[in-house]
Structures are given as structure tokens and as C-alpha cells.
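This is work-v2.tsv. It holds TSV, C-alpha atoms and all ligand atoms.
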```tsv
chain	number	residue	atom	x	y	z
A	1	MET	CA	0.00	0.00	0.00
A	2	ASN	CA	1.29	3.49	-0.85
A	3	SER	CA	2.06	4.94	2.55
A	4	ASP	CA	1.80	8.61	1.48
A	5	PHE	CA	-1.80	8.03	0.48
A	6	PHE	CA	-2.38	6.00	3.63
A	7	PHE	CA	-1.24	8.94	5.76
A	8	GLU	CA	-3.24	11.34	3.64
A	9	ALA	CA	-6.34	9.27	4.36
A	10	HIS	CA	-5.47	9.26	8.07
A	11	ARG	CA	-4.70	12.97	8.47
A	12	ASN	CA	-6.38	15.00	11.20
A	13	LEU	CA	-8.42	12.23	12.73
A	14	PRO	CA	-9.26	12.34	16.46
A	15	ARG	CA	-7.74	8.85	16.77
A	16	GLN	CA	-5.79	6.43	14.64
A	17	GLY	CA	-7.47	3.32	15.97
A	18	PRO	CA	-10.55	2.25	17.91
A	19	GLY	CA	-10.92	3.59	21.43
A	20	ASP	CA	-12.82	6.05	23.58
A	21	GLU	CA	-12.36	8.11	26.71
A	22	ALA	CA	-14.57	5.87	28.87
A	23	SER	CA	-12.51	2.78	27.99
A	24	THR	CA	-9.21	4.54	28.70
A	25	LEU	CA	-10.55	5.59	32.11
A	26	ARG	CA	-11.94	2.12	32.82
A	27	ALA	CA	-8.54	0.59	32.11
A	28	LEU	CA	-6.92	3.17	34.35
A	29	VAL	CA	-9.22	2.17	37.23
A	30	LEU	CA	-8.25	-1.48	36.67
A	31	ALA	CA	-4.58	-0.49	36.90
A	32	GLY	CA	-5.22	0.05	40.62
A	33	SER	CA	-3.54	2.53	42.89
A	34	LEU	CA	-0.66	4.40	41.29
A	35	PRO	CA	1.86	6.73	42.92
A	36	GLU	CA	0.82	10.38	42.89
A	37	GLU	CA	3.91	11.33	40.95
A	38	LEU	CA	4.49	8.92	38.15
A	39	HIS	CA	6.12	8.50	34.78
A	40	VAL	CA	3.90	7.24	31.97
A	41	LEU	CA	4.99	5.96	28.57
A	42	ASP	CA	2.39	6.09	25.77
A	43	LEU	CA	3.56	3.90	22.88
A	44	GLY	CA	2.23	4.37	19.36
A	45	CYS	CA	0.43	7.42	20.71
A	46	GLY	CA	-0.77	8.67	17.29
A	47	PRO	CA	-2.51	12.05	17.60
A	48	GLY	CA	-2.84	11.31	21.31
A	49	MET	CA	-6.48	11.32	22.35
A	50	GLN	CA	-5.69	8.75	25.06
A	51	THR	CA	-2.53	10.68	26.00
A	52	LEU	CA	-4.63	13.71	26.92
A	53	VAL	CA	-7.21	11.59	28.77
A	54	LEU	CA	-4.37	10.17	30.86
A	55	ALA	CA	-2.83	13.61	31.42
A	56	ARG	CA	-6.14	14.93	32.76
A	57	ALA	CA	-6.85	11.87	34.92
A	58	LEU	CA	-3.33	11.76	36.38
A	59	PRO	CA	-2.43	15.33	37.36
A	60	GLY	CA	0.88	14.20	38.89
A	61	ALA	CA	2.04	12.33	35.79
A	62	ARG	CA	4.85	13.14	33.44
A	63	ILE	CA	4.02	11.52	30.12
A	64	THR	CA	6.40	10.48	27.37
A	65	ALA	CA	4.51	9.84	24.13
A	66	VAL	CA	6.23	7.91	21.36
A	67	ASP	CA	5.31	7.45	17.70
A	68	LEU	CA	7.22	6.81	14.49
A	69	HIS	CA	5.14	9.24	12.45
A	70	GLU	CA	6.14	12.87	13.21
A	71	PRO	CA	2.94	14.48	11.88
A	72	PHE	CA	0.92	12.59	14.52
A	73	LEU	CA	3.24	13.97	17.20
A	74	ASP	CA	2.69	17.47	15.78
A	75	GLU	CA	-1.08	16.93	16.08
A	76	LEU	CA	-0.66	15.72	19.66
A	77	ARG	CA	1.54	18.67	20.67
A	78	ALA	CA	-0.95	21.16	19.21
A	79	ARG	CA	-3.82	19.53	21.10
A	80	ALA	CA	-1.84	19.37	24.32
A	81	ARG	CA	-0.99	23.08	24.03
A	82	ALA	CA	-4.62	23.97	23.39
A	83	ALA	CA	-5.65	21.98	26.49
A	84	ASP	CA	-2.82	23.50	28.54
A	85	LEU	CA	-1.41	20.03	29.21
A	86	ASP	CA	1.85	20.36	27.28
A	87	GLY	CA	3.92	21.16	30.38
A	88	ARG	CA	3.87	17.51	31.53
A	89	LEU	CA	4.21	16.00	28.07
A	90	GLU	CA	7.27	15.01	26.13
A	91	THR	CA	7.06	13.57	22.61
A	92	LEU	CA	9.61	11.35	20.97
A	93	ALA	CA	9.78	10.09	17.39
A	94	ALA	CA	11.14	6.58	17.86
A	95	ASP	CA	10.56	2.93	17.04
A	96	MET	CA	8.69	1.20	19.85
A	97	ALA	CA	10.88	-1.86	19.22
A	98	GLU	CA	14.05	0.07	20.10
A	99	LEU	CA	13.34	2.47	22.91
A	100	PRO	CA	16.18	4.51	24.40
A	101	PHE	CA	15.09	4.23	28.05
A	102	GLU	CA	16.73	2.62	31.06
A	103	ASP	CA	15.23	-0.48	32.66
A	104	GLY	CA	12.53	0.30	35.21
A	105	SER	CA	11.95	3.86	33.97
A	106	PHE	CA	8.15	3.77	33.96
A	107	ASP	CA	5.27	3.22	36.39
A	108	LEU	CA	2.75	2.84	33.61
A	109	ILE	CA	3.00	1.91	29.95
A	110	TRP	CA	0.00	2.61	27.70
A	111	ALA	CA	-0.47	1.26	24.19
A	112	GLU	CA	-3.87	1.64	22.52
A	113	GLY	CA	-4.14	0.03	19.09
A	114	SER	CA	-0.40	-0.12	18.59
A	115	ILE	CA	1.16	-3.29	20.04
A	116	TYR	CA	0.09	-5.18	16.89
A	117	ASN	CA	2.95	-3.40	15.09
A	118	LEU	CA	5.35	-5.61	17.05
A	119	GLY	CA	3.01	-8.51	17.64
A	120	PHE	CA	1.38	-8.96	21.05
A	121	ASP	CA	3.90	-11.43	22.49
A	122	ARG	CA	6.92	-9.53	21.23
A	123	GLY	CA	5.61	-6.23	22.57
A	124	LEU	CA	4.94	-7.73	26.01
A	125	ARG	CA	8.43	-9.18	26.05
A	126	LEU	CA	10.27	-6.06	24.83
A	127	TRP	CA	8.45	-3.56	27.04
A	128	LYS	CA	8.63	-5.45	30.31
A	129	ARG	CA	12.13	-4.27	31.17
A	130	LEU	CA	10.94	-0.64	30.92
A	131	LEU	CA	8.49	-1.10	33.81
A	132	ARG	CA	9.54	-0.87	37.43
A	133	PRO	CA	8.51	-3.93	39.50
A	134	GLY	CA	4.80	-3.50	40.22
A	135	GLY	CA	4.43	-1.24	37.18
A	136	VAL	CA	1.45	-1.69	34.87
A	137	LEU	CA	1.12	-2.20	31.13
A	138	ALA	CA	-2.30	-1.41	29.63
A	139	CYS	CA	-2.74	-2.23	25.95
A	140	THR	CA	-5.44	-3.07	23.43
A	141	GLU	CA	-5.15	-5.92	20.96
A	142	LEU	CA	-7.39	-7.17	18.17
A	143	ALA	CA	-8.89	-10.57	19.00
A	144	TRP	CA	-11.70	-12.92	18.11
A	145	LEU	CA	-14.58	-12.53	20.55
A	146	VAL	CA	-16.48	-15.65	19.47
A	147	SER	CA	-15.18	-19.18	19.16
A	148	ASP	CA	-16.57	-19.72	15.67
A	149	PRO	CA	-16.21	-16.45	13.71
A	150	PRO	CA	-17.75	-16.05	10.22
A	151	GLN	CA	-15.55	-17.34	7.38
A	152	GLU	CA	-15.57	-14.02	5.55
A	153	ALA	CA	-14.10	-12.27	8.58
A	154	VAL	CA	-11.59	-15.06	9.15
A	155	ARG	CA	-10.40	-14.80	5.53
A	156	TYR	CA	-10.10	-11.02	5.73
A	157	TRP	CA	-8.04	-11.03	8.93
A	158	GLU	CA	-5.90	-13.97	7.78
A	159	THR	CA	-4.14	-11.44	5.56
A	160	GLY	CA	-5.01	-8.28	7.55
A	161	TYR	CA	-3.62	-9.59	10.86
A	162	PRO	CA	-2.38	-13.16	10.62
A	163	GLY	CA	-1.48	-13.39	14.32
A	164	MET	CA	-5.00	-12.65	15.54
A	165	ARG	CA	-6.05	-14.96	18.39
A	166	GLN	CA	-9.01	-15.64	20.62
A	167	ALA	CA	-9.16	-13.11	23.47
A	168	PRO	CA	-8.47	-15.71	26.22
A	169	ALA	CA	-5.37	-16.93	24.35
A	170	ASN	CA	-3.90	-13.44	24.72
A	171	MET	CA	-4.45	-13.63	28.49
A	172	GLU	CA	-2.56	-16.91	28.47
A	173	ALA	CA	0.23	-15.26	26.48
A	174	ALA	CA	0.39	-12.39	28.99
A	175	ARG	CA	0.69	-14.86	31.88
A	176	ALA	CA	3.36	-16.80	29.99
A	177	ALA	CA	5.27	-13.54	29.49
A	178	GLY	CA	5.35	-13.15	33.26
A	179	TYR	CA	2.62	-10.56	33.92
A	180	ASP	CA	-0.22	-10.68	36.45
A	181	ILE	CA	-3.59	-9.93	34.88
A	182	LEU	CA	-5.41	-7.08	36.60
A	183	GLY	CA	-8.32	-7.00	34.17
A	184	SER	CA	-9.52	-7.22	30.62
A	185	PHE	CA	-12.56	-6.03	28.65
A	186	PRO	CA	-13.54	-5.56	25.00
A	187	LEU	CA	-13.99	-2.05	23.62
A	188	PRO	CA	-17.62	-1.21	22.81
A	189	LEU	CA	-18.67	-1.10	19.13
A	190	SER	CA	-19.10	2.68	19.41
A	191	ALA	CA	-15.36	2.99	20.11
A	192	TRP	CA	-14.69	1.93	16.51
A	193	ARG	CA	-17.10	4.39	14.96
A	194	LYS	CA	-17.31	7.74	16.69
A	195	ASP	CA	-13.68	8.89	16.73
A	196	TYR	CA	-12.21	6.51	14.15
A	197	TYR	CA	-14.25	4.98	11.32
A	198	ASP	CA	-16.79	7.85	11.03
A	199	PRO	CA	-14.18	10.62	10.62
A	200	LEU	CA	-12.01	8.30	8.50
A	201	ARG	CA	-14.94	7.73	6.16
A	202	ARG	CA	-15.36	11.50	5.79
A	203	ASN	CA	-11.63	11.83	4.97
A	204	LEU	CA	-11.95	9.09	2.35
A	205	GLU	CA	-14.95	10.76	0.71
A	206	ALA	CA	-13.07	14.04	0.33
A	207	MET	CA	-9.98	12.21	-0.87
A	208	ARG	CA	-11.92	10.28	-3.50
A	209	VAL	CA	-12.94	13.60	-5.08
A	210	ARG	CA	-9.46	15.13	-4.77
A	211	ARG	CA	-7.69	12.03	-6.11
A	212	ALA	CA	-10.29	10.87	-8.62
A	213	ASP	CA	-7.62	10.34	-11.31
A	214	ASP	CA	-5.06	8.55	-9.19
A	215	SER	CA	-5.44	4.80	-9.24
A	216	GLU	CA	-2.98	4.26	-6.38
A	217	ALA	CA	-4.92	6.63	-4.15
A	218	LEU	CA	-8.18	4.92	-5.10
A	219	GLU	CA	-6.63	1.56	-4.16
A	220	VAL	CA	-5.75	2.86	-0.72
A	221	ILE	CA	-9.28	4.21	-0.30
A	222	ALA	CA	-10.78	0.87	-1.38
A	223	ALA	CA	-8.60	-1.05	1.10
A	224	GLU	CA	-9.71	1.20	3.97
A	225	GLU	CA	-13.33	0.79	2.95
A	226	ALA	CA	-12.96	-2.99	2.76
A	227	GLU	CA	-11.85	-3.07	6.40
A	228	MET	CA	-14.81	-0.93	7.46
A	229	ASP	CA	-17.13	-3.11	5.43
A	230	ILE	CA	-15.95	-6.27	7.19
A	231	PHE	CA	-16.48	-4.49	10.48
A	232	ARG	CA	-20.00	-3.42	9.50
A	233	ARG	CA	-20.91	-7.02	8.70
A	234	HIS	CA	-18.91	-8.95	11.29
A	235	GLY	CA	-17.84	-6.43	13.92
A	236	THR	CA	-19.46	-8.38	16.74
A	237	SER	CA	-17.27	-11.43	16.15
A	238	TYR	CA	-13.98	-9.64	16.72
A	239	GLY	CA	-12.81	-6.52	18.47
A	240	TYR	CA	-10.16	-4.70	20.41
A	241	VAL	CA	-9.66	-6.02	23.92
A	242	PHE	CA	-8.00	-4.03	26.67
A	243	TYR	CA	-5.50	-6.00	28.78
A	244	ILE	CA	-4.30	-4.48	32.03
A	245	LEU	CA	-1.17	-6.30	33.17
A	246	ARG	CA	1.20	-5.90	36.09
A	247	LYS	CA	4.87	-6.73	36.22
A	248	PRO	CA	5.28	-8.63	39.51
A	301	LIG	N1	-2.83	5.11	20.14
A	301	LIG	C1	-3.33	5.88	19.03
A	301	LIG	C2	-2.79	5.43	17.66
A	301	LIG	C3	-3.04	3.99	17.29
A	301	LIG	S1	-2.57	3.61	15.60
A	301	LIG	C4	-4.85	5.82	19.03
A	301	LIG	O1	-5.42	4.92	19.65
A	301	LIG	O2	-5.46	6.67	18.39
A	301	LIG	C5	-0.94	2.92	15.81
A	301	LIG	C6	0.15	3.98	15.92
A	301	LIG	O3	1.39	3.31	16.06
A	301	LIG	C7	0.28	4.90	14.72
A	301	LIG	O4	0.26	6.23	15.18
A	301	LIG	C8	1.63	4.54	14.11
A	301	LIG	O5	2.30	5.66	13.53
A	301	LIG	C9	2.37	4.02	15.31
A	301	LIG	N2	3.45	3.07	15.01
A	301	LIG	C10	3.45	2.05	14.13
A	301	LIG	N3	4.59	1.35	14.20
A	301	LIG	C11	5.35	1.95	15.15
A	301	LIG	C12	6.64	1.69	15.69
A	301	LIG	N4	7.38	0.67	15.26
A	301	LIG	N5	7.11	2.50	16.67
A	301	LIG	C13	6.36	3.55	17.11
A	301	LIG	N6	5.12	3.84	16.64
A	301	LIG	C14	4.64	3.06	15.67
```
Represent the structure contained in this file as C-alpha cells.
Amino acid sequence: MNSDFFFEAHRNLPRQGPGDEASTLRALVLAGSLPEELHVLDLGCGPGMQTLVLARALPGARITAVDLHEPFLDELRARARAADLDGRLETLAADMAELPFEDGSFDLIWAEGSIYNLGFDRGLRLWKRLLRPGGVLACTELAWLVSDPPQEAVRYWETGYPGMRQAPANMEAARAAGYDILGSFPLPLSAWRKDYYDPLRRNLEAMRVRRADDSEALEVIAAEEAEMDIFRRHGTSYGYVFYILRKP
């Protein structure tokens, strides 16, 4: 897929993946009691809707937000400034597979809709050293929510996300990686639509007019629409699941 057109389609969205404020706050409650002054790492932060939710909910937190794509970090910084939350925020353009932090640097690691870039197991393994003992990792991961999902959805995700497992298998993987499980819940269907697919669809409509003569752009648009179409038909058989995990 042409990544310039992909990023054009994904410009100026509230989020770059499913999620909502209520789910971020619910996961934060499941994380349990946290020190008043804490250091949070938000990985694959995108334009940072969840970063700002965390900044508001944790007034004593310093937050380091990491993403590979600079324009998302620009969007996050602008939003943080507008909300007067930029004083406690640091952004870093880096690869979440090679983070330049010392072991035990963080009380809380957050990763909404981003661990899939490494693979769930690899992300859990690589990030563990960054947590202090007792620190918490909260992340969302795409998983099957039913034991016998529709064939059309299975075929789509076989290429879209070959590693996709049943939600309980991810819990098993988290335990095997040496975490305690503090909680887990699927994101509601509305978390896909309101701040992600609905605004993305509006971007795609405008782009289809702007790029009417560009077959590569139209291919990117069609691929995005295919994903939304599978979700419209089969979005109850799979979903993003929040996992809240503690390093013992
Ligand atoms: N957490 C945000 C964004 C999720 S989309 C939200 O929920 O809205 C996944 C994000 O991960 C994108 O912003 C993408 O640029 C970023 N990303 C992908 N691979 C990455 C990597 N290797 N290192 C850091 N960020 C990465």
C-alpha cells in the first residue's frame, strides 16, 4: 500500500485506531492505585487522544509519548498546548521496538491500538524491562470474541492480521510472558465508529474527489473501505480487547 496516500487518508483524525475516553478511564481504574507522581509511557500514541485523557486523569504524571510518524506527534503537541497540558508532556519520534530508556523507567505503559505493530507477544516481552517492578502495562489488541467467527471475517483477517487470536489466548500469552492480569474487557462497538471509522470515512470521501484520477490513491481508499465493510458485517465477532497487566 502506498504509505503517502495511507497517511493522507489518516490525516487530522481524532484517533488512529478504535478507542474512547470511557474505555481509557476504565482501564486506568483497573490499573489500581498508582503513585501520585508517576512517569507514563504512551507507545504508538498517534494524535494522542488517550494521551490527553491520561494527562487529565493523572495530574501528577509526566508523560512520554512515542510514535514513528512525526505528523501525529505534531497533532498531539498542538492539542496538548490547546488543552494546557503540554507542560507535563514530552514527545519522541522513535521505534517502539528500540526504545532509548533505562530499565525500570516507567510506572505505567500505555499502548492503545499499537502493540500489533510488534506482535502482542513480542511487545509484552520487549516492554517489560521498561516497567519498574509493580508497574502496569495497559494495551489493546485485536482478537476474536467468538469461538466460531464467520468465514468471511476469518479470511479477511488472515491477511489483515495473521497473528490474531481468541481473546483468552492473549491472556494466556500475557501470563506466559510473566505478567499478572489485573483486568480485561472488549472495547464497545461505538469505540470503533465515533472517533475513528466515522471521521475516516469522511476523509476518504473528500480524498476520492481530490484524487479521482489517481489509481494508487483509489486503491488505498478501497482497502480502507474494505476493512470498514468487514467491520459493518462482522464487527461483533472480533474486536479490540483491553489488557491491564502488572509486572510482579
Ligand atoms: N494510540 C493511538 C494510535 C493507534 S494507531 C490511538 O489509539 O489513536 C498505531 C500507531 O502506532 C500509529 O500512530 C503509528 O504511527 C504508530 N506506530 C506504528 N509502528 C510503530 C513503531 N514501530 N514505533 C512507534 N510507533 C509506531
message = For region 188-191 of chain A, find every residue with an atom within 9 Å (counting all atoms listed in the file), except residues of its own chain fewer than 5 positions away, and show them as number ranges by chain.
response = A: 17-21, 23, 196, 235-236, 239-240
message = Taking all atoms listed in the file into account, name the residue in A:Asp67, A:Glu225, A:Glu98, A:Asp86 that is nearest to ligand LIG 301 (chain A).
response = A:Asp67
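Put simply, CA of Glu112 (chain A) is 21.9 Å away from CA of Tyr156 (chain A).
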Show me, as a short mmCIF file (atom, residue, chain, number, x, y, z; two decimals) with C-alpha atoms, keeping the file's coordinate frame, the residues that have an atom within 12 Å of Glu70 (chain A) when counting only C-alpha atoms, minus same-chain residues fewer than 6 positions from it.
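Wrote around_8.cif, looks like this:
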```cif
data_model
loop_
_atom_site.label_atom_id
_atom_site.label_comp_id
_atom_site.auth_asym_id
_atom_site.auth_seq_id
_atom_site.Cartn_x
_atom_site.Cartn_y
_atom_site.Cartn_z
CA PHE A 7 -1.24 8.94 5.76
CA ARG A 11 -4.70 12.97 8.47
CA GLY A 44 2.23 4.37 19.36
CA CYS A 45 0.43 7.42 20.71
CA GLY A 46 -0.77 8.67 17.29
CA PRO A 47 -2.51 12.05 17.60
CA LEU A 76 -0.66 15.72 19.66
CA ARG A 77 1.54 18.67 20.67
CA THR A 91 7.06 13.57 22.61
CA LEU A 92 9.61 11.35 20.97
CA ALA A 93 9.78 10.09 17.39
CA ALA A 94 11.14 6.58 17.86
CA ASP A 95 10.56 2.93 17.04
#
```
message = My list of candidates is A:Val146, A:Leu58, A:Leu28, A:Ile115. Which is closest to ligand LIG 301 (chain A) when distances are computed with only C-alpha atoms and all ligand atoms?
response =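 Closest candidate: A:Ile115.
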To box ligand LIG 301 (chain A), take all atoms listed in the file, fit an axis-aligned box, add 4 Å on each side, and give centre and edge lengths in Å to one decimal, as JSON.
```
{"center_x": 1.0, "center_y": 3.7, "center_z": 16.8, "size_x": 20.8, "size_y": 14.0, "size_z": 14.6}
```
request  = Quote the spacing between CA of Arg125 (chain A) and atom S1 of ligand LIG 301 (chain A) in Å to one decimal place.
outcome  =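 Between these atoms lies a distance of 19.8 Å.
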key: Between CA of Thr64 (chain A) and CA of Thr24 (chain A), distance in Å (one decimal)   =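 Interatomic distance here is 16.8 Å.
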